[in-house]
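Shown here: structure_5.csv, CSV, C-alpha atoms.
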chain,number,residue,atom,x,y,z
A,1,MET,CA,0.0,0.0,0.0
A,2,ALA,CA,1.3,3.5,-0.8
A,3,GLN,CA,2.5,5.5,2.0
A,4,PHE,CA,0.9,8.9,2.2
A,5,VAL,CA,2.6,10.0,5.5
A,6,ASP,CA,6.2,9.3,6.3
A,7,TRP,CA,5.5,8.2,9.9
A,8,ASP,CA,9.1,7.7,10.7
A,9,LEU,CA,9.9,11.2,9.6
A,10,ALA,CA,6.9,12.4,11.6
A,11,ALA,CA,8.3,10.8,14.8
A,12,ALA,CA,11.8,12.3,14.1
A,13,THR,CA,10.3,15.7,13.5
A,14,ALA,CA,8.2,15.6,16.7
A,15,GLY,CA,11.3,14.6,18.6
A,16,ALA,CA,13.5,17.3,17.1
A,17,LEU,CA,11.0,20.1,17.4
A,18,GLY,CA,9.6,19.2,20.8
A,19,LYS,CA,10.5,21.5,23.7
A,20,SER,CA,12.9,20.3,26.3
A,21,GLY,CA,11.4,19.6,29.6
A,22,PRO,CA,12.0,21.3,32.9
A,23,ARG,CA,15.4,20.8,34.6
A,24,VAL,CA,15.2,17.9,37.1
A,25,SER,CA,17.8,15.7,38.6
A,26,TYR,CA,17.8,11.9,38.1
A,27,ALA,CA,16.6,11.5,41.7
A,28,GLU,CA,13.8,14.0,41.2
A,29,ALA,CA,12.7,12.4,38.0
A,30,THR,CA,12.6,9.0,39.7
A,31,ASP,CA,10.5,10.4,42.5
A,32,VAL,CA,8.1,12.0,40.0
A,33,VAL,CA,7.5,8.7,38.2
A,34,GLY,CA,7.0,6.8,41.4
A,35,ASP,CA,4.7,9.5,42.7
A,36,LEU,CA,2.5,9.5,39.6
A,37,ARG,CA,2.2,5.8,39.6
A,38,ARG,CA,1.2,5.8,43.3
A,39,LEU,CA,-1.3,8.7,42.8
A,40,THR,CA,-2.8,6.9,39.8
A,41,GLU,CA,-3.8,4.0,42.1
A,42,GLU,CA,-5.1,6.4,44.8
A,43,ALA,CA,-7.1,8.2,42.2
A,44,ALA,CA,-8.6,5.0,40.9
A,45,GLY,CA,-10.1,4.2,44.3
A,46,HIS,CA,-11.6,7.7,44.6
A,47,VAL,CA,-13.1,7.7,41.1
A,48,ALA,CA,-14.6,4.2,41.6
A,49,ASP,CA,-16.2,5.2,44.9
A,50,TYR,CA,-17.5,8.5,43.6
A,51,THR,CA,-18.9,7.3,40.3
A,52,GLY,CA,-19.9,3.8,41.2
A,53,LEU,CA,-18.2,2.6,38.0
A,54,ARG,CA,-15.8,-0.4,38.2
A,55,ALA,CA,-13.4,-1.6,35.6
A,56,GLN,CA,-14.6,-4.7,33.8
A,57,VAL,CA,-11.1,-5.6,32.4
A,58,THR,CA,-7.6,-5.8,33.8
A,59,HIS,CA,-5.9,-2.8,32.5
A,60,PRO,CA,-2.1,-2.3,32.1
A,61,PRO,CA,-0.3,-0.1,34.5
A,62,VAL,CA,0.0,3.6,33.9
A,63,ARG,CA,2.8,4.6,31.5
A,64,VAL,CA,4.7,7.7,32.7
A,65,VAL,CA,6.3,9.1,29.5
A,66,ASP,CA,8.3,12.0,28.3
A,67,ARG,CA,7.3,14.2,25.4
A,68,ARG,CA,9.1,12.1,22.7
A,69,ASP,CA,7.4,8.9,23.9
A,70,TRP,CA,4.0,10.6,24.0
A,71,ALA,CA,4.4,11.7,20.4
A,72,ALA,CA,5.6,8.2,19.3
A,73,THR,CA,2.7,6.5,20.9
A,74,ASN,CA,0.2,8.9,19.2
A,75,ILE,CA,1.9,8.5,15.9
A,76,ALA,CA,1.4,4.7,16.2
A,77,GLY,CA,-2.3,5.4,16.9
A,78,LEU,CA,-2.7,8.0,14.1
A,79,ARG,CA,-1.1,5.6,11.6
A,80,GLU,CA,-4.1,3.2,12.3
A,81,VAL,CA,-6.6,6.0,11.7
A,82,ILE,CA,-5.2,8.3,9.0
A,83,SER,CA,-3.8,5.7,6.6
A,84,PRO,CA,-7.1,4.2,5.6
A,85,LEU,CA,-8.7,7.7,5.5
A,86,VAL,CA,-6.1,9.0,3.1
A,87,THR,CA,-6.4,5.9,1.0
A,88,ARG,CA,-10.1,6.4,0.6
A,89,LEU,CA,-9.7,10.0,-0.2
A,90,ALA,CA,-7.2,9.3,-2.9
A,91,GLY,CA,-9.3,6.4,-4.4
A,92,ASP,CA,-7.8,5.1,-7.7
A,93,LYS,CA,-5.9,8.3,-8.4
A,94,ARG,CA,-2.4,7.4,-7.4
A,95,PRO,CA,0.3,10.1,-7.7
A,96,GLY,CA,3.6,9.4,-9.4
A,97,ALA,CA,6.4,7.8,-7.5
A,98,LEU,CA,8.3,11.1,-7.0
A,99,THR,CA,5.2,13.1,-6.1
A,100,GLU,CA,4.2,10.4,-3.6
A,101,ALA,CA,7.7,10.3,-2.0
A,102,ILE,CA,7.8,14.1,-1.7
A,103,GLY,CA,4.2,14.4,-0.5
A,104,SER,CA,4.6,11.7,2.2
A,105,ARG,CA,7.7,13.4,3.6
A,106,LEU,CA,6.0,16.8,3.5
A,107,THR,CA,3.0,15.4,5.3
A,108,GLY,CA,5.3,13.6,7.8
A,109,VAL,CA,7.0,16.9,8.7
A,110,GLN,CA,3.6,18.6,9.1
A,111,ALA,CA,2.2,15.8,11.3
A,112,GLY,CA,5.4,15.8,13.4
A,113,THR,CA,5.2,19.6,13.8
A,114,VAL,CA,1.7,19.4,15.1
A,115,LEU,CA,2.6,16.6,17.5
A,116,ALA,CA,5.7,18.5,18.7
A,117,TYR,CA,3.4,21.4,19.7
A,118,LEU,CA,0.9,19.1,21.4
A,119,SER,CA,3.6,17.1,23.2
A,120,GLY,CA,4.5,20.2,25.2
A,121,ARG,CA,1.0,20.8,26.4
A,122,VAL,CA,-0.7,17.5,27.1
A,123,LEU,CA,-0.6,16.4,30.8
A,124,GLY,CA,-2.2,13.0,30.3
A,125,GLN,CA,-4.2,10.9,28.0
A,126,TYR,CA,-6.1,7.7,27.8
A,127,GLU,CA,-4.9,6.4,24.4
A,128,VAL,CA,-7.2,3.8,22.8
A,129,PHE,CA,-6.0,3.5,19.2
A,130,SER,CA,-2.8,1.6,19.5
A,131,ALA,CA,-3.6,-0.8,22.4
A,132,ASP,CA,-6.6,-2.8,23.7
A,133,PRO,CA,-8.2,-1.9,26.1
A,134,GLY,CA,-6.1,1.3,25.9
A,135,GLN,CA,-3.3,2.8,27.9
A,136,LEU,CA,-3.1,5.6,30.4
A,137,LEU,CA,-0.3,8.0,29.6
A,138,LEU,CA,1.0,10.7,32.0
A,139,VAL,CA,3.5,13.2,30.5
A,140,ALA,CA,5.8,13.8,33.4
A,141,PRO,CA,7.8,16.8,32.1
A,142,ASN,CA,4.6,18.7,31.3
A,143,ILE,CA,3.0,17.9,34.7
A,144,VAL,CA,6.2,19.1,36.5
A,145,GLU,CA,6.4,22.2,34.3
A,146,VAL,CA,2.8,23.3,34.9
A,147,GLU,CA,2.8,22.6,38.6
A,148,ARG,CA,5.9,24.8,38.9
A,149,LYS,CA,4.4,27.6,36.8
A,150,LEU,CA,1.2,27.6,38.8
A,151,GLY,CA,3.2,27.4,42.1
A,152,ALA,CA,1.0,24.4,43.0
A,153,ASP,CA,1.7,21.8,45.7
A,154,PRO,CA,3.2,18.9,43.7
A,155,ARG,CA,1.2,16.1,45.4
A,156,ASP,CA,-2.1,18.0,45.1
A,157,PHE,CA,-1.6,18.9,41.5
A,158,ARG,CA,-0.5,15.5,40.4
A,159,LEU,CA,-3.4,13.8,42.1
A,160,TRP,CA,-5.7,16.4,40.5
A,161,VAL,CA,-4.4,15.4,37.1
A,162,CYS,CA,-4.6,11.7,37.9
A,163,LEU,CA,-8.3,12.1,38.9
A,164,HIS,CA,-9.1,13.4,35.4
A,165,GLU,CA,-7.2,10.9,33.4
A,166,VAL,CA,-8.2,7.9,35.6
A,167,THR,CA,-11.8,8.9,35.0
A,168,HIS,CA,-11.2,8.5,31.3
A,169,ARG,CA,-9.6,5.1,31.9
A,170,THR,CA,-12.7,4.1,34.0
A,171,GLN,CA,-15.0,5.2,31.2
A,172,PHE,CA,-13.4,2.9,28.7
A,173,THR,CA,-12.8,0.0,31.0
A,174,ALA,CA,-16.0,0.0,33.1
A,175,VAL,CA,-18.2,0.3,30.1
A,176,PRO,CA,-17.5,-2.9,28.0
A,177,TRP,CA,-18.8,-1.5,24.7
A,178,MET,CA,-17.2,2.0,24.9
A,179,ARG,CA,-13.9,1.4,23.1
A,180,ALA,CA,-15.5,-0.6,20.3
A,181,TYR,CA,-18.2,2.0,19.9
A,182,PHE,CA,-15.7,4.8,19.7
A,183,LEU,CA,-13.4,3.0,17.2
A,184,GLY,CA,-16.5,2.1,15.2
A,185,GLU,CA,-17.5,5.7,15.0
A,186,VAL,CA,-14.0,6.7,13.9
A,187,GLN,CA,-14.2,3.9,11.2
A,188,ALA,CA,-17.6,5.2,10.2
A,189,PHE,CA,-16.0,8.7,9.7
A,190,VAL,CA,-13.4,7.1,7.5
A,191,ASP,CA,-16.0,5.1,5.5
A,192,ALA,CA,-18.1,8.2,5.0
A,193,SER,CA,-15.1,10.1,3.4
A,194,SER,CA,-15.6,8.4,0.0
A,195,GLY,CA,-17.9,10.0,-2.6
A,196,GLY,CA,-19.3,13.5,-2.4
A,197,GLU,CA,-17.6,16.6,-3.7
A,198,HIS,CA,-14.3,16.4,-5.5
A,199,LEU,CA,-11.2,16.2,-3.2
A,200,VAL,CA,-9.8,19.4,-4.6
A,201,GLU,CA,-13.0,21.3,-3.8
A,202,ARG,CA,-13.0,19.8,-0.3
A,203,LEU,CA,-9.4,20.8,0.3
A,204,ARG,CA,-10.2,24.3,-1.0
A,205,ARG,CA,-13.1,24.6,1.4
A,206,GLY,CA,-10.9,23.2,4.2
A,207,VAL,CA,-8.4,26.0,3.6
A,208,ALA,CA,-11.1,28.6,3.8
A,209,THR,CA,-12.4,26.9,7.0
A,210,LEU,CA,-8.9,27.1,8.6
A,211,SER,CA,-8.7,30.8,7.6
A,212,ASP,CA,-12.1,31.4,9.2
A,213,ALA,CA,-11.0,29.7,12.4
A,214,ILE,CA,-8.0,32.1,12.7
A,215,ARG,CA,-10.2,35.2,12.2
A,216,ASP,CA,-13.1,34.1,14.4
A,217,PRO,CA,-12.3,33.4,18.1
A,218,GLU,CA,-15.7,31.7,18.5
A,219,SER,CA,-15.2,29.4,15.6
A,220,ARG,CA,-15.8,25.7,16.3
A,221,THR,CA,-14.0,24.5,13.2
A,222,SER,CA,-10.8,22.5,13.2
A,223,VAL,CA,-8.6,20.5,10.9
A,224,LEU,CA,-11.3,17.8,10.7
A,225,ASP,CA,-13.2,20.2,8.4
A,226,LEU,CA,-10.7,19.4,5.7
A,227,VAL,CA,-12.2,16.0,5.1
A,228,GLN,CA,-15.9,16.4,6.0
A,229,THR,CA,-18.5,15.2,3.6
A,230,PRO,CA,-22.2,15.6,4.6
A,231,ALA,CA,-22.2,11.9,5.8
A,232,GLN,CA,-19.1,12.6,7.9
A,233,ARG,CA,-20.9,15.5,9.6
A,234,ALA,CA,-23.5,13.2,11.0
A,235,VAL,CA,-20.8,10.9,12.4
A,236,LEU,CA,-18.9,13.9,13.7
A,237,ASP,CA,-22.0,15.1,15.6
A,238,ARG,CA,-22.1,11.8,17.4
A,239,LEU,CA,-18.4,11.8,18.1
A,240,THR,CA,-18.6,15.4,19.4
A,241,ALA,CA,-21.5,14.5,21.7
A,242,LEU,CA,-19.5,11.5,23.0
A,243,MET,CA,-16.3,13.4,23.6
A,244,THR,CA,-18.1,16.3,25.2
A,245,LEU,CA,-19.8,13.8,27.6
A,246,LEU,CA,-16.5,12.0,28.4
A,247,GLU,CA,-14.6,15.3,29.0
A,248,GLY,CA,-17.4,16.8,31.0
A,249,HIS,CA,-17.8,13.7,33.1
A,250,ALA,CA,-14.0,13.7,33.9
A,251,GLU,CA,-14.2,17.4,34.9
A,252,PHE,CA,-17.3,16.8,37.0
A,253,VAL,CA,-15.6,13.9,38.8
A,254,MET,CA,-12.3,15.7,39.5
A,255,ASP,CA,-14.3,18.7,40.9
A,256,GLY,CA,-16.5,16.4,43.0
A,257,VAL,CA,-13.6,14.3,44.4
A,258,GLY,CA,-11.1,17.1,44.6
A,259,PRO,CA,-12.3,19.0,47.7
A,260,GLN,CA,-12.4,15.8,49.7
A,261,VAL,CA,-8.8,14.7,49.0
A,262,ILE,CA,-6.9,17.8,47.7
A,263,PRO,CA,-6.5,20.6,50.2
A,264,SER,CA,-5.5,23.2,47.6
A,265,VAL,CA,-7.9,22.2,44.9
A,266,ASP,CA,-9.7,25.6,44.7
A,267,ARG,CA,-6.4,27.4,44.1
A,268,ILE,CA,-5.3,24.9,41.6
A,269,ARG,CA,-8.6,25.1,39.6
A,270,ALA,CA,-8.5,28.8,39.5
A,271,ALA,CA,-4.9,29.0,38.5
A,272,PHE,CA,-5.3,26.3,35.9
A,273,ASN,CA,-8.4,28.0,34.3
A,274,ARG,CA,-6.4,31.2,34.0
A,275,ARG,CA,-3.7,29.2,32.3
A,276,ARG,CA,-6.2,27.7,29.8
A,277,GLU,CA,-7.4,31.2,28.9
A,278,ALA,CA,-4.0,32.7,28.5
A,279,GLY,CA,-1.7,32.7,25.5
A,280,ASN,CA,-0.4,35.0,22.9
A,281,PRO,CA,-2.5,35.7,19.7
A,282,LEU,CA,-0.4,33.2,17.6
A,283,GLU,CA,-0.8,30.5,20.1
A,284,LYS,CA,-4.5,31.1,20.4
A,285,ALA,CA,-4.8,30.9,16.6
A,286,VAL,CA,-2.9,27.5,16.6
A,287,ARG,CA,-5.2,26.2,19.3
A,288,ARG,CA,-8.3,27.1,17.3
A,289,VAL,CA,-7.0,25.6,14.1
A,290,LEU,CA,-6.0,22.3,15.9
A,291,GLY,CA,-9.4,22.1,17.6
A,292,ILE,CA,-7.9,22.6,21.1
A,293,ASP,CA,-10.2,25.5,21.9
A,294,VAL,CA,-13.2,23.2,21.0
A,295,LYS,CA,-11.9,20.7,23.5
A,296,MET,CA,-11.7,23.4,26.1
A,297,ARG,CA,-15.3,24.3,25.5
A,298,GLN,CA,-16.2,20.6,25.7
A,299,TYR,CA,-14.9,20.6,29.3
A,300,ALA,CA,-17.3,23.4,30.3
A,301,GLU,CA,-20.3,22.3,28.3
A,302,GLY,CA,-19.9,18.6,29.2
A,303,ARG,CA,-19.4,19.4,32.9
A,304,LYS,CA,-22.6,21.5,32.9
A,305,PHE,CA,-24.6,18.7,31.3
A,306,VAL,CA,-23.3,16.1,33.7
A,307,HIS,CA,-24.0,18.3,36.7
A,308,GLY,CA,-27.5,19.0,35.4
A,309,VAL,CA,-28.3,15.3,35.0
A,310,VAL,CA,-26.8,14.2,38.3
A,311,GLU,CA,-28.8,17.1,40.0
A,312,ARG,CA,-32.0,15.7,38.5
A,313,VAL,CA,-31.6,11.9,38.8
A,314,GLY,CA,-28.5,11.3,41.0
A,315,MET,CA,-25.3,9.5,40.1
A,316,GLU,CA,-27.0,6.1,39.7
A,317,GLY,CA,-29.5,7.6,37.4
A,318,PHE,CA,-26.7,9.4,35.5
A,319,ASN,CA,-24.9,6.1,35.0
A,320,LYS,CA,-27.7,4.9,32.8
A,321,ILE,CA,-26.0,7.0,30.2
A,322,PHE,CA,-23.5,4.2,29.9
A,323,GLY,CA,-26.1,1.5,29.4
A,324,SER,CA,-25.7,1.4,25.6
A,325,PRO,CA,-24.9,3.6,22.6
A,326,LEU,CA,-28.6,4.5,22.5
A,327,THR,CA,-28.5,6.1,25.9
A,328,LEU,CA,-25.6,8.4,25.1
A,329,PRO,CA,-26.7,12.0,24.8
A,330,ARG,CA,-27.5,13.4,21.4
A,331,LEU,CA,-25.7,16.6,20.4
A,332,GLU,CA,-28.8,18.8,20.9
A,333,GLU,CA,-29.3,17.3,24.4
A,334,LEU,CA,-26.0,18.5,25.8
A,335,GLY,CA,-27.6,21.9,26.4
A,336,ASP,CA,-30.8,20.4,27.7
A,337,PRO,CA,-30.4,17.8,30.4
A,338,ASP,CA,-34.1,17.6,30.9
A,339,ALA,CA,-34.4,16.3,27.3
A,340,TRP,CA,-32.0,13.5,28.0
A,341,VAL,CA,-33.7,12.6,31.3
A,342,ALA,CA,-37.1,12.5,29.6
A,343,ARG,CA,-35.8,10.3,26.8
A,344,VAL,CA,-33.9,7.8,29.0
A,345,HIS,CA,-35.8,7.9,32.3
A,346,GLY,CA,-39.2,8.8,30.8
A,347,PRO,CA,-41.1,12.0,31.2
A,348,THR,CA,-42.0,11.2,34.8
A,349,GLY,CA,-38.5,9.8,35.6
A,350,PRO,CA,-37.0,10.4,39.1
A,351,LEU,CA,-36.1,14.0,39.8
A,352,ARG,CA,-34.1,14.6,42.9
A,353,SER,CA,-31.1,16.6,44.0
A,354,ALA,CA,-27.6,15.0,43.9
A,355,GLY,CA,-26.6,16.8,47.0

Could you quickly redo this structure as structure tokens?
Amino acid sequence: MAQFVDWDLAAATAGALGKSGPRVSYAEATDVVGDLRRLTEEAAGHVADYTGLRAQVTHPPVRVVDRRDWAATNIAGLREVISPLVTRLAGDKRPGALTEAIGSRLTGVQAGTVLAYLSGRVLGQYEVFSADPGQLLLVAPNIVEVERKLGADPRDFRLWVCLHEVTHRTQFTAVPWMRAYFLGEVQAFVDASSGGEHLVERLRRGVATLSDAIRDPESRTSVLDLVQTPAQRAVLDRLTALMTLLEGHAEFVMDGVGPQVIPSVDRIRAAFNRRREAGNPLEKAVRRVLGIDVKMRQYAEGRKFVHGVVERVGMEGFNKIFGSPLTLPRLEELGDPDAWVARVHGPTGPLRSAG
């Protein structure tokens, strides 16, 4: 099969362009790794007790990684997703050998550049593409760098991060169908890419979309708009609803557990929110184009939805959301918890305060 992205070059580019981490001694680095592993286990107990969700599979231990390892792991996952997508977009129109070689290297450099940027920002991730049932990654240099910039208590900040990421691991390991459903939706997105308007027209529209994203701070567009057909938009609506739910649920859990086990959580949350909103104009434009600002909005919108549902039907009632793909919220329900409650619990479903 033709190679449309030089993935080895992408990995090399990400490694070369990635920022160096904060200065730590070998002993400090060893302590950080051990601390993150221990706090991951502590967070797992808190998340299980708070949510009532229990892992149904034996998951591998957390991987504490550096920026280069994080990029390499995500490149392995992206290879699984992007290669079939590009193949479908190209169809039977194969470029010449020279064009293909140059194009794959150019795309490899571009992919590596994006991952280099992201590798300096991501604190943790539950990565589901390259491993089954997925793997929890904590990016130690970024966690140390941010806790220093915020002036946060290291133990408190690290546990706070672990609560969020462990909630994602719980979502994918306590709900037996979640990973398969998510991967199926990604595959549906790939499948829907064939047909429709000509590739050149889609790319031209995509360039205009990226330009709009830079000019409009409220834009919800991202690089995904480069490859959207009408059929893909329907799939993307479902993926957006799912990711908003998962991100909002993680935020809700960390805010619910945090005050009980993290003494300085209020100061950490306030400082971290200020950090999310900060950034120079160029960095803000990059965040919008890459869809990072959309993810930030997902945190707030999803947390508000989860809070609204739990307030109405309690945590046990909320957990019906994980009963099957049919009980997941629809995109339009994210702003209307009553609509989800009525659909899943019935119009006379239990309404009670979570507190």

What is the atom CA of A:Arg269 to atom CA of A:Lys149 distance in Å?
13.5 Å

Kindly extract all protein, DNA and RNA residues lying within 12 Å of the coordinates (-28.9, 7.9, 37.3) given in the file, considering only C-alpha atoms, and supply them as a ChimeraX atom specification.
/A:51-53,306-323,327,340-341,344-345,349-354

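Relative to atom CA of A:Val64, atom CA of A:Ala27 is found at 15.4 Å.
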
Which one is closest to A:Glu41: A:Val161, A:Leu150, A:Ala131, A:Val166? Count all atoms listed in the file.
A:Val166

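Remark: residues at most 6 Å from position (-24.4, 17.7, 26.0) in file coordinates are Gly302, Phe305, Leu331, Glu333, Leu334 and Gly335 of chain A, using only C-alpha atoms.
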